[in-house]
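Visitor: Submitted below is the structure of interest, expressed as structure tokens.
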Amino acid sequence: MTFISRWGPTLIIASWAWIGLVLALTFWRVWDIPKRLPEINAIATEHLLLFPVSLILFFTLSWIRQQRDASDGRFHTFPRWSATIGIWLLAFLHPVSCGLYPAAFNLDSRTVEEVTRAVSTMHAGISRADVEQKIVALNADLPVPMETSLAEHEAHARAVARYLSTSDAGERERLWTEISRATLVFVPWGPDGKSPRVDAHGQFFQRRIRASSDIGLDKIRVRYGADDKVEEIIYSSNRQLTEVRAPCTIHMMVPAPPEASFPYPCPR
């Protein structure tokens, strides 16, 4: 009995099982879309480890099918159509699941779009309380990466909401210890990197993707005038979503200058 007749059908089953495993790992929690979205970096790292196995299976299965075709039909038990479909699936498996899938649900773009939309609904003259309500709503509605624990994320969002709603200094200090380490929620920061003052003439909200990295920072700066009414709001990030590469990009400004075309690089 030759290698083809002995191991060919087994290799086809293994290839199909591998395809199912890759698809399951890639599209796990797909039912959570749009609350949770795939992150391209996480998927790319995962597929960097999976791709070599797929490549070996692709070439081995192709060689076995070629040998079967050259055998003048001696291996009638070899399921050629299953091998052919497996070869095509292995060829498109990683480009589709690692490329098209996260691109169709781009986490960076959707985050920027939703924050920009929320900031654009604010206007000069609204109160500090109205701004803080918008921030609380953003923290609850913005999408998060697939690997994020929704329970932990919602707990951080509630902690920020309690922090903004209380005026008790002791409670704010206790909550600040918790939310200052939180990611994926807008957190108010003071100019010295500590808990901000309640009566400050401005507010600075920052949202981090990772606690250990400054990549993917979203920032909302609010300046207040008389009677704690908004004079200016600026939403910026360091996400590289524009053709002009810059460490900072302004996505929305309220009130927007007549000549402004968003997004554009932050002034130096």
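We label chains A, B, ... in the order they appear in the structure tokens, count residues from 1 in each chain, and number ligands from 1 in the order shown.
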Could you name the residues that touch Asn139 in chain A at 9 Å or less, counting only C-alpha atoms, but leaving out those on the same chain fewer than 5 positions away, as an MDAnalysis selection string?
Guide: chainID A and resid 134 153:154 156:158 160:161 184:186
Visitor: Using only C-alpha atoms, which protein or nucleic acid residues come within 12 Å of Ser109 in chain A? Drop anything in the same chain fewer than 4 positions from it, and give the result as a PyMOL selection string.
Guide: chain A and resi 37-40+102-105+113-116+142-143+216+237+239-242+251
Visitor: Which neighbours of Asp218 in chain A fall inside 8 Å, counting only C-alpha atoms, when residues of the same chain fewer than 2 positions from it are skipped, and could you give them as a list in words?
Guide: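 Close residues of Asp218 in chain A: Gln206, Arg207, Arg208, Gly216, Ile220, Tyr235, Ser236, Ser237 and Asn238 of chain A.
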Visitor: Would you save the residues from that selection as a PDB file, in the first residue's frame, using N, CA and C atoms?
Guide:
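File written: result-v7.pdb
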ATOM      1  N   GLN A 206      -8.803  61.104  28.660  1.00  0.00           N
ATOM      2  CA  GLN A 206      -7.905  60.276  27.859  1.00  0.00           C
ATOM      3  C   GLN A 206      -8.359  58.824  27.898  1.00  0.00           C
ATOM      4  N   ARG A 207      -8.310  58.172  26.733  1.00  0.00           N
ATOM      5  CA  ARG A 207      -8.690  56.756  26.609  1.00  0.00           C
ATOM      6  C   ARG A 207      -7.528  55.977  26.015  1.00  0.00           C
ATOM      7  N   ARG A 208      -7.061  54.977  26.751  1.00  0.00           N
ATOM      8  CA  ARG A 208      -5.937  54.167  26.314  1.00  0.00           C
ATOM      9  C   ARG A 208      -6.424  52.782  25.886  1.00  0.00           C
ATOM     10  N   GLY A 216      -2.471  54.338  20.250  1.00  0.00           N
ATOM     11  CA  GLY A 216      -3.931  54.286  20.241  1.00  0.00           C
ATOM     12  C   GLY A 216      -4.568  55.132  21.319  1.00  0.00           C
ATOM     13  N   ILE A 220      -9.742  63.997  24.614  1.00  0.00           N
ATOM     14  CA  ILE A 220     -10.768  65.032  24.482  1.00  0.00           C
ATOM     15  C   ILE A 220     -10.430  66.136  25.469  1.00  0.00           C
ATOM     16  N   TYR A 235     -11.092  66.997  19.953  1.00  0.00           N
ATOM     17  CA  TYR A 235     -10.871  65.547  20.003  1.00  0.00           C
ATOM     18  C   TYR A 235      -9.707  65.209  19.087  1.00  0.00           C
ATOM     19  N   SER A 236      -8.681  64.576  19.652  1.00  0.00           N
ATOM     20  CA  SER A 236      -7.503  64.190  18.885  1.00  0.00           C
ATOM     21  C   SER A 236      -7.068  62.782  19.284  1.00  0.00           C
ATOM     22  N   SER A 237      -6.227  62.193  18.464  1.00  0.00           N
ATOM     23  CA  SER A 237      -5.678  60.870  18.773  1.00  0.00           C
ATOM     24  C   SER A 237      -4.336  60.739  18.094  1.00  0.00           C
ATOM     25  N   ASN A 238      -3.613  59.682  18.461  1.00  0.00           N
ATOM     26  CA  ASN A 238      -2.354  59.402  17.767  1.00  0.00           C
ATOM     27  C   ASN A 238      -2.503  58.215  16.829  1.00  0.00           C
TER      28      ASN A 238
END
Visitor: For range 10-22 of chain A, list every protein, DNA or RNA residue within 7 Å, evaluated using only C-alpha atoms, and leave out those in the same chain fewer than 2 positions away; present the list as a ChimeraX atom specification.
Guide: /A:7-8,24-26,57,83,86
Visitor: Taking 4 positions as the minimum chain separation for residues in the same chain, which residues sit within 9 Å of Leu93 in chain A when counting only C-alpha atoms? Answer as a list in words.
Guide: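 Here the qualifying residues turn out to be Ile19, Val22, Leu23, Ser54, Trp88, Leu89, Ser97 and Cys98 of chain A.
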Visitor: Mind listing the strand (DSSP E or B) residues of range 19-193 of chain A, per DSSP on the backbone, as an NGL selection string?
Guide: :A and (36-37 or 127 or 144-145 or 187-189)
Visitor: Based on the selection just made, write all heavy atoms of those residues as a PDB file, in the first residue's frame.
Guide:
ATOM      1  N   ARG A  36     -18.057  44.131  20.584  1.00  0.00           N
ATOM      2  CA  ARG A  36     -16.638  43.779  20.540  1.00  0.00           C
ATOM      3  C   ARG A  36     -16.234  43.566  19.092  1.00  0.00           C
ATOM      4  O   ARG A  36     -16.957  42.908  18.338  1.00  0.00           O
ATOM      5  CB  ARG A  36     -16.370  42.514  21.365  1.00  0.00           C
ATOM      6  CG  ARG A  36     -16.401  42.759  22.848  1.00  0.00           C
ATOM      7  CD  ARG A  36     -15.748  41.636  23.623  1.00  0.00           C
ATOM      8  NE  ARG A  36     -16.582  40.464  23.757  1.00  0.00           N
ATOM      9  CZ  ARG A  36     -16.420  39.546  24.713  1.00  0.00           C
ATOM     10  NH1 ARG A  36     -15.440  39.679  25.589  1.00  0.00           N
ATOM     11  NH2 ARG A  36     -17.219  38.498  24.788  1.00  0.00           N
ATOM     12  N   LEU A  37     -15.072  44.112  18.707  1.00  0.00           N
ATOM     13  CA  LEU A  37     -14.610  44.038  17.323  1.00  0.00           C
ATOM     14  C   LEU A  37     -13.222  43.410  17.264  1.00  0.00           C
ATOM     15  O   LEU A  37     -12.450  43.498  18.223  1.00  0.00           O
ATOM     16  CB  LEU A  37     -14.562  45.439  16.698  1.00  0.00           C
ATOM     17  CG  LEU A  37     -15.893  46.184  16.562  1.00  0.00           C
ATOM     18  CD1 LEU A  37     -15.659  47.577  15.980  1.00  0.00           C
ATOM     19  CD2 LEU A  37     -16.863  45.406  15.678  1.00  0.00           C
ATOM     20  N   SER A 127     -23.183  72.808  29.442  1.00  0.00           N
ATOM     21  CA  SER A 127     -22.610  72.798  30.777  1.00  0.00           C
ATOM     22  C   SER A 127     -21.600  71.665  30.960  1.00  0.00           C
ATOM     23  O   SER A 127     -21.542  70.725  30.153  1.00  0.00           O
ATOM     24  CB  SER A 127     -23.716  72.653  31.818  1.00  0.00           C
ATOM     25  OG  SER A 127     -24.330  71.384  31.709  1.00  0.00           O
ATOM     26  N   VAL A 144     -14.996  47.594  21.874  1.00  0.00           N
ATOM     27  CA  VAL A 144     -13.747  47.174  22.507  1.00  0.00           C
ATOM     28  C   VAL A 144     -13.207  45.961  21.758  1.00  0.00           C
ATOM     29  O   VAL A 144     -13.941  45.304  21.013  1.00  0.00           O
ATOM     30  CB  VAL A 144     -13.964  46.828  23.996  1.00  0.00           C
ATOM     31  CG1 VAL A 144     -14.400  48.077  24.770  1.00  0.00           C
ATOM     32  CG2 VAL A 144     -14.987  45.712  24.162  1.00  0.00           C
ATOM     33  N   PRO A 145     -11.920  45.631  21.926  1.00  0.00           N
ATOM     34  CA  PRO A 145     -11.358  44.447  21.258  1.00  0.00           C
ATOM     35  C   PRO A 145     -12.022  43.153  21.716  1.00  0.00           C
ATOM     36  O   PRO A 145     -12.584  43.069  22.808  1.00  0.00           O
ATOM     37  CB  PRO A 145      -9.876  44.482  21.669  1.00  0.00           C
ATOM     38  CG  PRO A 145      -9.606  45.909  22.010  1.00  0.00           C
ATOM     39  CD  PRO A 145     -10.870  46.425  22.605  1.00  0.00           C
ATOM     40  N   VAL A 187     -10.984  58.621  30.776  1.00  0.00           N
ATOM     41  CA  VAL A 187     -10.720  58.914  32.185  1.00  0.00           C
ATOM     42  C   VAL A 187     -10.298  60.376  32.299  1.00  0.00           C
ATOM     43  O   VAL A 187      -9.453  60.834  31.529  1.00  0.00           O
ATOM     44  CB  VAL A 187      -9.608  58.002  32.733  1.00  0.00           C
ATOM     45  CG1 VAL A 187      -9.263  58.370  34.175  1.00  0.00           C
ATOM     46  CG2 VAL A 187     -10.035  56.543  32.640  1.00  0.00           C
ATOM     47  N   PRO A 188     -10.872  61.142  33.251  1.00  0.00           N
ATOM     48  CA  PRO A 188     -10.439  62.532  33.436  1.00  0.00           C
ATOM     49  C   PRO A 188      -9.078  62.587  34.122  1.00  0.00           C
ATOM     50  O   PRO A 188      -8.851  61.904  35.127  1.00  0.00           O
ATOM     51  CB  PRO A 188     -11.546  63.123  34.320  1.00  0.00           C
ATOM     52  CG  PRO A 188     -12.101  61.954  35.064  1.00  0.00           C
ATOM     53  CD  PRO A 188     -11.979  60.774  34.151  1.00  0.00           C
ATOM     54  N   TRP A 189      -8.184  63.416  33.584  1.00  0.00           N
ATOM     55  CA  TRP A 189      -6.841  63.563  34.144  1.00  0.00           C
ATOM     56  C   TRP A 189      -6.576  65.033  34.458  1.00  0.00           C
ATOM     57  O   TRP A 189      -7.026  65.924  33.733  1.00  0.00           O
ATOM     58  CB  TRP A 189      -5.781  63.074  33.160  1.00  0.00           C
ATOM     59  CG  TRP A 189      -5.742  61.587  33.006  1.00  0.00           C
ATOM     60  CD1 TRP A 189      -6.568  60.815  32.247  1.00  0.00           C
ATOM     61  CD2 TRP A 189      -4.836  60.688  33.643  1.00  0.00           C
ATOM     62  NE1 TRP A 189      -6.240  59.489  32.357  1.00  0.00           N
ATOM     63  CE2 TRP A 189      -5.170  59.380  33.204  1.00  0.00           C
ATOM     64  CE3 TRP A 189      -3.769  60.845  34.533  1.00  0.00           C
ATOM     65  CZ2 TRP A 189      -4.478  58.253  33.636  1.00  0.00           C
ATOM     66  CZ3 TRP A 189      -3.077  59.715  34.944  1.00  0.00           C
ATOM     67  CH2 TRP A 189      -3.436  58.439  34.515  1.00  0.00           C
TER      68      TRP A 189
END
Visitor: Which residue out of A:Ile215, A:Val222, A:Ala155, A:Ile87 has the minimum interatomic distance to His201 in chain A when only C-alpha atoms are used?
Guide: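 Closest to His201 in chain A of all the choices is A:Val222.
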Visitor: Within range 12-223 of chain A, find each residue whose DSSP state, derived from the backbone, is helix (DSSP H, G or I), and express the selection as a ChimeraX atom specification.
Guide: /A:12-27,30-32,40-69,80-104,107-120,128-141,150-165,169-179
Visitor: Write out, as a CSV table (one decimal), in the first residue's frame, the residues just selected, with C-alpha atoms.
Guide:
chain,number,residue,atom,x,y,z
A,12,ILE,CA,-7.5,15.4,3.9
A,13,ILE,CA,-9.4,14.9,7.2
A,14,ALA,CA,-6.5,16.6,9.1
A,15,SER,CA,-6.6,19.6,6.7
A,16,TRP,CA,-10.3,20.1,7.1
A,17,ALA,CA,-10.0,19.8,10.9
A,18,TRP,CA,-7.2,22.4,10.8
A,19,ILE,CA,-9.3,24.8,8.6
A,20,GLY,CA,-12.1,24.4,11.2
A,21,LEU,CA,-9.7,25.2,14.1
A,22,VAL,CA,-8.3,28.3,12.4
A,23,LEU,CA,-11.8,29.6,11.6
A,24,ALA,CA,-13.0,28.9,15.2
A,25,LEU,CA,-10.0,30.7,16.7
A,26,THR,CA,-10.4,33.7,14.3
A,27,PHE,CA,-14.1,34.1,14.5
A,30,VAL,CA,-18.1,37.0,16.3
A,31,TRP,CA,-21.7,37.1,17.8
A,32,ASP,CA,-20.5,40.0,20.0
A,40,ILE,CA,-5.9,43.5,13.5
A,41,ASN,CA,-2.7,43.3,15.6
A,42,ALA,CA,-4.1,40.5,17.8
A,43,ILE,CA,-5.3,38.5,14.8
A,44,ALA,CA,-2.0,39.0,12.9
A,45,THR,CA,0.0,37.7,15.8
A,46,GLU,CA,-2.2,34.7,16.1
A,47,HIS,CA,-2.0,33.9,12.3
A,48,LEU,CA,1.7,34.4,12.3
A,49,LEU,CA,1.8,31.1,14.3
A,50,LEU,CA,-0.9,29.4,12.4
A,51,PHE,CA,0.2,30.2,8.8
A,52,PRO,CA,3.2,27.8,8.6
A,53,VAL,CA,1.1,24.8,9.4
A,54,SER,CA,-1.5,25.8,6.8
A,55,LEU,CA,1.4,26.3,4.3
A,56,ILE,CA,2.7,22.8,4.9
A,57,LEU,CA,-0.7,21.2,4.6
A,58,PHE,CA,-1.3,23.2,1.4
A,59,PHE,CA,1.8,21.9,-0.4
A,60,THR,CA,1.5,18.4,0.9
A,61,LEU,CA,-2.1,18.1,-0.1
A,62,SER,CA,-1.3,19.6,-3.5
A,63,TRP,CA,1.5,17.1,-4.0
A,64,ILE,CA,-0.6,14.1,-3.0
A,65,ARG,CA,-3.4,15.2,-5.4
A,66,GLN,CA,-0.9,15.6,-8.2
A,67,GLN,CA,0.5,12.1,-7.6
A,68,ARG,CA,-3.0,10.7,-7.6
A,69,ASP,CA,-3.8,12.4,-10.9
A,80,ARG,CA,-10.1,14.0,-5.0
A,81,TRP,CA,-12.9,16.6,-4.7
A,82,SER,CA,-12.4,16.9,-0.9
A,83,ALA,CA,-8.7,17.5,-1.5
A,84,THR,CA,-9.4,20.1,-4.1
A,85,ILE,CA,-11.8,22.1,-1.9
A,86,GLY,CA,-9.3,21.8,1.0
A,87,ILE,CA,-6.5,23.2,-1.1
A,88,TRP,CA,-8.6,26.2,-2.2
A,89,LEU,CA,-9.7,26.8,1.4
A,90,LEU,CA,-6.1,26.7,2.7
A,91,ALA,CA,-5.1,29.1,-0.1
A,92,PHE,CA,-7.7,31.7,1.0
A,93,LEU,CA,-8.0,30.9,4.7
A,94,HIS,CA,-5.5,33.4,6.0
A,95,PRO,CA,-6.0,36.3,3.5
A,96,VAL,CA,-9.7,36.3,4.3
A,97,SER,CA,-9.7,35.7,8.1
A,98,CYS,CA,-6.6,37.7,8.8
A,99,GLY,CA,-7.1,40.5,6.2
A,100,LEU,CA,-10.7,41.0,5.1
A,101,TYR,CA,-12.3,40.1,8.4
A,102,PRO,CA,-10.6,42.7,10.7
A,103,ALA,CA,-10.6,45.3,7.8
A,104,ALA,CA,-14.4,45.0,7.5
A,107,LEU,CA,-11.7,48.8,15.4
A,108,ASP,CA,-9.7,52.0,15.1
A,109,SER,CA,-11.9,53.5,12.4
A,110,ARG,CA,-15.1,52.7,14.2
A,111,THR,CA,-13.8,54.1,17.5
A,112,VAL,CA,-12.8,57.4,15.9
A,113,GLU,CA,-16.1,57.6,14.0
A,114,GLU,CA,-18.2,57.2,17.1
A,115,VAL,CA,-16.1,59.6,19.2
A,116,THR,CA,-16.1,62.1,16.4
A,117,ARG,CA,-19.9,61.8,16.1
A,118,ALA,CA,-20.4,62.2,19.9
A,119,VAL,CA,-18.1,65.3,20.1
A,120,SER,CA,-19.9,66.9,17.0
A,128,ARG,CA,-19.9,70.7,32.4
A,129,ALA,CA,-22.6,68.2,33.5
A,130,ASP,CA,-23.7,67.8,29.9
A,131,VAL,CA,-20.2,67.1,28.8
A,132,GLU,CA,-19.7,64.5,31.5
A,133,GLN,CA,-22.9,62.8,30.6
A,134,LYS,CA,-21.6,62.5,27.0
A,135,ILE,CA,-18.4,61.0,28.3
A,136,VAL,CA,-20.3,58.4,30.4
A,137,ALA,CA,-22.4,57.5,27.4
A,138,LEU,CA,-19.3,57.1,25.2
A,139,ASN,CA,-17.6,54.8,27.7
A,140,ALA,CA,-20.7,52.6,27.6
A,141,ASP,CA,-21.2,52.6,23.9
A,150,LEU,CA,-17.0,42.9,29.1
A,151,ALA,CA,-17.7,42.5,32.8
A,152,GLU,CA,-14.4,44.3,33.7
A,153,HIS,CA,-14.9,46.9,31.0
A,154,GLU,CA,-18.4,47.7,32.2
A,155,ALA,CA,-17.1,47.9,35.8
A,156,HIS,CA,-14.5,50.5,34.7
A,157,ALA,CA,-17.2,52.5,32.9
A,158,ARG,CA,-19.4,52.5,36.0
A,159,ALA,CA,-16.5,53.7,38.1
A,160,VAL,CA,-15.8,56.6,35.8
A,161,ALA,CA,-19.5,57.5,36.0
A,162,ARG,CA,-19.4,57.5,39.8
A,163,TYR,CA,-16.3,59.5,39.8
A,164,LEU,CA,-17.8,62.2,37.6
A,165,SER,CA,-21.1,62.3,39.6
A,169,ALA,CA,-13.1,64.3,47.9
A,170,GLY,CA,-12.5,61.0,49.7
A,171,GLU,CA,-14.7,59.0,47.3
A,172,ARG,CA,-13.1,60.7,44.2
A,173,GLU,CA,-9.7,59.8,45.5
A,174,ARG,CA,-10.7,56.2,46.1
A,175,LEU,CA,-12.2,55.9,42.6
A,176,TRP,CA,-9.3,57.7,41.0
A,177,THR,CA,-7.0,54.9,42.2
A,178,GLU,CA,-9.1,52.4,40.2
A,179,ILE,CA,-9.9,54.4,37.1
